[in-house]
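Data file: final_14.cif. Format and content: mmCIF, C-alpha atoms.
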```cif
data_my_file
loop_
_atom_site.label_atom_id
_atom_site.label_comp_id
_atom_site.auth_asym_id
_atom_site.auth_seq_id
_atom_site.Cartn_x
_atom_site.Cartn_y
_atom_site.Cartn_z
CA LEU C 3 95.37 97.47 115.05
CA LYS C 4 96.98 96.25 118.24
CA CYS C 5 99.51 93.46 117.81
CA ASP C 6 101.58 91.66 120.43
CA VAL C 7 104.60 90.62 118.36
CA SER C 8 105.58 88.01 120.95
CA ASP C 9 102.44 86.12 119.84
CA PRO C 10 102.98 84.76 116.30
CA ASP C 11 99.22 84.38 115.82
CA ASP C 12 98.82 88.11 116.43
CA VAL C 13 101.49 88.85 113.83
CA ASN C 14 99.72 86.62 111.31
CA ARG C 15 96.41 88.41 112.01
CA LEU C 16 98.13 91.76 111.41
CA VAL C 17 99.41 90.67 108.00
CA GLU C 18 96.05 89.16 107.02
CA PHE C 19 94.25 92.34 108.14
CA THR C 20 96.57 94.40 105.94
CA ILE C 21 95.87 92.22 102.89
CA LYS C 22 92.12 92.24 103.52
CA THR C 23 92.10 96.03 103.95
CA PHE C 24 94.52 97.14 101.22
CA GLY C 25 94.71 94.17 98.88
CA ARG C 26 98.50 93.97 98.82
CA LEU C 27 101.66 94.29 100.89
CA ASP C 28 104.73 96.19 99.69
CA CYS C 29 106.86 96.46 102.83
CA ILE C 30 106.98 95.25 106.41
CA ILE C 31 109.09 96.98 109.06
CA ASN C 32 109.74 94.72 112.04
CA ASN C 33 110.25 97.46 114.58
CA ALA C 34 108.83 96.34 117.93
CA GLY C 35 111.27 95.50 120.68
CA TYR C 36 112.33 96.39 124.19
CA TYR C 37 115.49 97.00 126.19
CA PRO C 38 115.56 95.44 129.68
CA PRO C 39 117.32 97.04 132.66
CA GLN C 40 121.08 96.60 132.48
CA LYS C 41 122.64 93.86 134.62
CA LEU C 42 125.14 91.02 134.38
CA ILE C 43 124.20 87.83 132.57
CA ASP C 44 124.04 85.70 135.74
CA GLU C 45 121.57 88.21 137.19
CA PHE C 46 119.11 87.59 134.35
CA SER C 47 116.70 84.69 134.68
CA ILE C 48 116.02 82.17 131.93
CA GLU C 49 112.46 83.51 131.82
CA GLU C 50 113.72 87.06 131.20
CA PHE C 51 115.85 85.82 128.31
CA ARG C 52 112.93 83.89 126.81
CA LYS C 53 110.72 86.97 127.09
CA ILE C 54 113.12 89.20 125.17
CA LEU C 55 113.68 86.45 122.58
CA ASP C 56 109.92 86.23 122.02
CA THR C 57 109.58 89.98 121.47
CA ASN C 58 112.84 91.02 119.82
CA LEU C 59 113.64 87.95 117.73
CA ILE C 60 110.65 85.58 117.38
CA GLY C 61 108.51 88.61 116.56
CA VAL C 62 110.85 89.52 113.70
CA PHE C 63 110.88 85.90 112.49
CA ALA C 64 107.07 85.80 112.50
CA GLY C 65 106.80 89.10 110.66
CA CYS C 66 109.10 87.86 107.91
CA LYS C 67 107.45 84.43 107.73
CA TYR C 68 103.89 85.67 107.36
CA ALA C 69 104.63 88.68 105.14
CA LEU C 70 106.88 86.96 102.60
CA PRO C 71 104.19 85.13 100.55
CA TYR C 72 102.64 88.53 99.78
CA LEU C 73 105.91 90.41 99.36
CA ARG C 74 107.07 87.92 96.74
CA SER C 75 104.05 88.76 94.61
CA THR C 76 104.72 92.52 94.76
CA GLY C 77 108.51 92.50 94.70
CA GLY C 78 108.39 94.19 98.09
CA SER C 79 110.89 94.53 100.90
CA ILE C 80 111.53 93.75 104.54
CA ILE C 81 113.18 96.21 106.92
CA ASN C 82 114.24 94.79 110.27
CA MET C 83 115.15 96.97 113.22
CA GLY C 84 118.44 95.96 114.80
CA SER C 85 120.74 98.09 116.92
CA VAL C 86 124.30 99.33 116.62
CA ILE C 87 125.09 97.77 119.99
CA GLY C 88 124.24 94.40 118.47
CA SER C 89 127.51 94.93 116.57
CA VAL C 90 129.70 96.67 119.13
CA GLY C 91 128.29 95.38 122.44
CA GLN C 92 127.30 97.27 125.57
CA GLU C 93 127.84 96.87 129.30
CA GLY C 94 125.02 95.05 131.07
CA ALA C 95 123.11 94.36 127.85
CA SER C 96 124.12 90.82 126.95
CA ILE C 97 120.66 89.40 126.31
CA TYR C 98 119.53 92.49 124.38
CA THR C 99 122.58 92.57 122.14
CA ALA C 100 122.18 88.83 121.54
CA THR C 101 118.76 89.44 119.99
CA LYS C 102 119.88 92.42 117.92
CA GLY C 103 122.97 90.65 116.61
CA ALA C 104 120.76 87.74 115.61
CA ILE C 105 118.48 90.08 113.67
CA SER C 106 121.44 91.27 111.57
CA SER C 107 122.44 87.67 110.82
CA LEU C 108 118.86 86.70 109.98
CA THR C 109 118.58 89.67 107.63
CA LYS C 110 121.68 88.77 105.62
CA SER C 111 120.70 85.13 105.12
CA LEU C 112 117.12 86.04 104.28
CA ALA C 113 118.36 88.57 101.72
CA ILE C 114 120.23 85.74 99.99
CA ASP C 115 117.20 83.44 100.03
CA GLU C 116 114.75 86.05 98.77
CA ALA C 117 116.85 87.75 96.09
CA ARG C 118 115.59 85.14 93.59
CA ASN C 119 112.05 86.20 94.46
CA GLY C 120 112.70 89.92 93.98
CA VAL C 121 112.34 90.71 97.69
CA ARG C 122 114.94 92.97 99.31
CA VAL C 123 115.78 92.51 103.02
CA ASN C 124 117.74 95.11 105.00
CA VAL C 125 118.40 95.95 108.63
CA VAL C 126 118.57 99.41 110.21
CA LEU C 127 120.93 99.81 113.16
CA PRO C 128 119.90 102.84 115.24
CA GLY C 129 122.17 104.27 117.87
CA ASN C 130 120.94 106.45 120.71
CA ILE C 131 117.45 107.57 119.61
CA ILE C 132 115.31 109.83 121.82
CA THR C 133 112.16 107.74 122.21
CA GLU C 134 109.80 106.87 125.06
CA MET C 135 112.29 104.16 126.02
CA TYR C 136 114.96 106.86 126.43
CA TYR C 137 112.73 108.86 128.78
CA ALA C 138 111.89 105.72 130.78
CA ASN C 139 115.60 104.95 131.21
CA LYS C 140 116.29 108.56 132.16
CA SER C 141 113.57 108.49 134.82
CA ARG C 142 115.11 105.35 136.36
CA ASP C 143 118.61 106.80 136.47
CA PRO C 144 119.77 108.08 139.89
CA ASN C 145 121.27 111.15 138.16
CA PRO C 146 118.93 112.13 135.29
CA ASP C 147 120.90 115.27 134.36
CA GLU C 148 124.12 113.31 134.01
CA PHE C 149 122.27 110.65 132.03
CA GLU C 150 121.00 113.31 129.60
CA LYS C 151 124.47 114.83 129.24
CA TRP C 152 125.96 111.42 128.50
CA SER C 153 123.13 110.61 126.10
CA ASN C 154 123.71 113.78 124.10
CA ASN C 155 127.45 113.42 123.88
CA VAL C 156 128.10 109.71 123.59
CA GLN C 157 128.01 110.12 119.80
CA TRP C 158 130.25 112.47 117.83
CA MET C 159 127.39 114.60 116.52
CA GLY C 160 126.68 115.70 120.09
CA ARG C 161 123.00 114.76 120.29
CA GLY C 162 120.68 111.81 120.22
CA GLY C 163 118.79 110.95 117.06
CA THR C 164 115.07 111.35 116.44
CA PRO C 165 112.48 108.72 115.49
CA GLU C 166 111.88 110.74 112.33
CA GLU C 167 115.51 110.30 111.27
CA VAL C 168 115.19 106.53 111.63
CA GLY C 169 111.82 106.61 109.89
CA ASN C 170 113.21 108.54 106.93
CA THR C 171 115.93 105.93 106.56
CA CYS C 172 113.25 103.24 106.43
CA LEU C 173 111.30 105.23 103.84
CA PHE C 174 114.39 105.35 101.64
CA LEU C 175 115.05 101.61 102.00
CA ALA C 176 111.42 100.88 101.12
CA SER C 177 111.52 103.11 98.04
CA SER C 178 112.62 102.48 94.47
CA GLY C 179 115.63 104.66 95.23
CA ALA C 180 117.04 101.70 97.19
CA SER C 181 116.22 99.11 94.52
CA PHE C 182 119.79 97.72 94.43
CA ILE C 183 120.27 97.56 98.20
CA THR C 184 119.72 94.25 99.98
CA GLY C 185 121.38 92.50 102.89
CA ALA C 186 122.69 95.86 104.12
CA GLU C 187 123.22 97.07 107.67
CA VAL C 188 122.33 100.76 107.61
CA ARG C 189 123.60 102.63 110.66
CA VAL C 190 121.73 105.66 111.99
CA THR C 191 123.96 106.51 114.93
CA GLY C 192 125.42 110.01 114.76
CA GLY C 193 128.85 108.40 114.86
CA TYR C 194 128.32 106.51 118.12
CA GLU C 195 130.54 103.60 117.13
CA ILE C 196 133.36 105.26 115.17
CA GLY C 197 136.72 106.55 116.35
CA GLU C 198 138.36 105.26 119.51
CA GLY C 199 135.24 104.16 121.35
CA GLN C 200 131.79 105.60 121.80
CA ASN C 201 132.58 107.31 125.13
CA LEU C 202 135.69 109.19 124.03
CA ARG C 203 134.08 112.51 123.23
CA TYR C 204 132.19 112.57 126.50
CA LEU C 205 135.17 111.52 128.61
CA LYS C 206 137.36 114.13 126.96
CA GLY C 207 135.10 116.95 128.06
CA MET C 208 132.81 116.84 125.03
CA GLY C 209 135.34 118.61 122.84
CA ILE C 210 137.87 117.84 120.12
CA ARG C 211 140.84 115.98 121.53
CA LYS C 212 144.12 117.88 121.15
CA LYS C 213 147.24 116.00 120.11
#
```

Please lay out the structure from this file as structure tokens.
Amino acid sequence: LKCDVSDPDDVNRLVEFTIKTFGRLDCIINNAGYYPPQKLIDEFSIEEFRKILDTNLIGVFAGCKYALPYLRSTGGSIINMGSVIGSVGQEGASIYTATKGAISSLTKSLAIDEARNGVRVNVVLPGNIITEMYYANKSRDPNPDEFEKWSNNVQWMGRGGTPEEVGNTCLFLASSGASFITGAEVRVTGGYEIGEGQNLRYLKGMGIRKK
């Protein structure tokens, strides 16, 4: 079922369709979002900021709002999709990181509110994941080979992650195996953010730094 998450009415229809089709709702994963081209904040228009807010943040709000009445009855869970750069920042990504940081804050407060109702709320923070968005960014880069090399080595594990690795993390958080986890930020990053900065391994020739 197609759903434009920037339209709250569409999100509501998606939830109602799920209930009508399956009779219950156990988990919602608010995953849709987009990453605009990188530029400085004064180069973004107000309209561009509003557009990303509608998709990345209002869409998450609407998903939580419309799903919660049903999740409370099943003791279900919410999984929001944030981003590690919402925590650590990134050059030229001010409006994107603003939305992803807000998702983490929303998740923690909502986890407090809904604990009394038996609903768990967590946020997954992916790092560099090889998705269609990655290939679109690569195609726009003036040096695609260098972009790919950077993308593989910007995290300590030496490669980008896969959608399946993020999906498996969500499956765990939705399962009874995660029944005592709520309000958590779960990072799926390959070590992007740890150490002395996410670019160190790449800048040091993609090897172990010698002391």

Could you state which residues are captured by the PyMOL selection byres ((chain C and resi 102) around 9) in this file, as a PyMOL selection string? chain C and resi 58-59+83-89+97-101+103-107+127

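Nearest-residue note for Asp6 in chain C: choosing from C:Ile43, C:Ile31, C:Met159, C:Ala64, the minimum distance belongs to C:Ala64, counting only C-alpha atoms.
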
Skip Asp28 in chain C itself and residues of its chain fewer than 2 positions away, then list as a PyMOL selection string all residues within 9 Å of it, counting all atoms listed in the file. chain C and resi 26+30+72-73+76-80+176

For range 160-173 of chain C, please output as a ChimeraX atom specification all residues within 12 Å (counting all atoms listed in the file; exclusion window: fewer than 4 positions along the same chain). /C:28-33,79-85,123-136,149-156,177-180,187-194,200-204,207-210

Pick from C:Phe51, C:Leu27, C:Gly65, C:Lys41 nearest to Cys5 in chain C, counting only C-alpha atoms: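 Using only C-alpha atoms, the shortest distance to Cys5 in chain C belongs to C:Gly65.
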
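Nearest residue to Gly61 in chain C, choosing from C:Gly185, C:Pro39, C:Gly91, C:Pro10 and counting all atoms listed in the file: C:Pro10.
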
Point-to-point distance in Å for CA of Ala95 in chain C and CA of Lys140 in chain C: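 Distance reported for this atom pair: 16.3 Å.
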
Top pick for closest residue to Lys67 in chain C, considering C:Glu93, C:Asp11, C:Glu45, C:Glu50 and counting all atoms listed in the file: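 So, comparing all the options, the nearest one is C:Asp11.
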
Rounded to one decimal in Å, what is the spacing between CA of Cys66 in chain C and CA of Ala117 in chain C? 14.1 Å

What separation in Å, quoted to one decimal, exists between CA of Ala113 in chain C and CA of Thr184 in chain C?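 Pair CA of Ala113 in chain C / CA of Thr184 in chain C returns 6.1 Å.
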
Give the answer as one residue: which of C:Arg122, C:Lys53, C:Lys22, C:Arg142 has the shortest atom-to-atom distance to Tyr36 in chain C, using all atoms listed in the file?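 Of the candidates, the smallest distance to Tyr36 in chain C is held by C:Lys53.
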
Put the listed atoms of range 89-99 of chain C in a box along x, y and z with 5 Å added on every side and give me the centre and edge lengths in Å to one decimal, as AutoDock Vina command-line options.
```
--center_x 124.6 --center_y 93.3 --center_z 123.8 --size_x 20.2 --size_y 17.9 --size_z 24.5
```
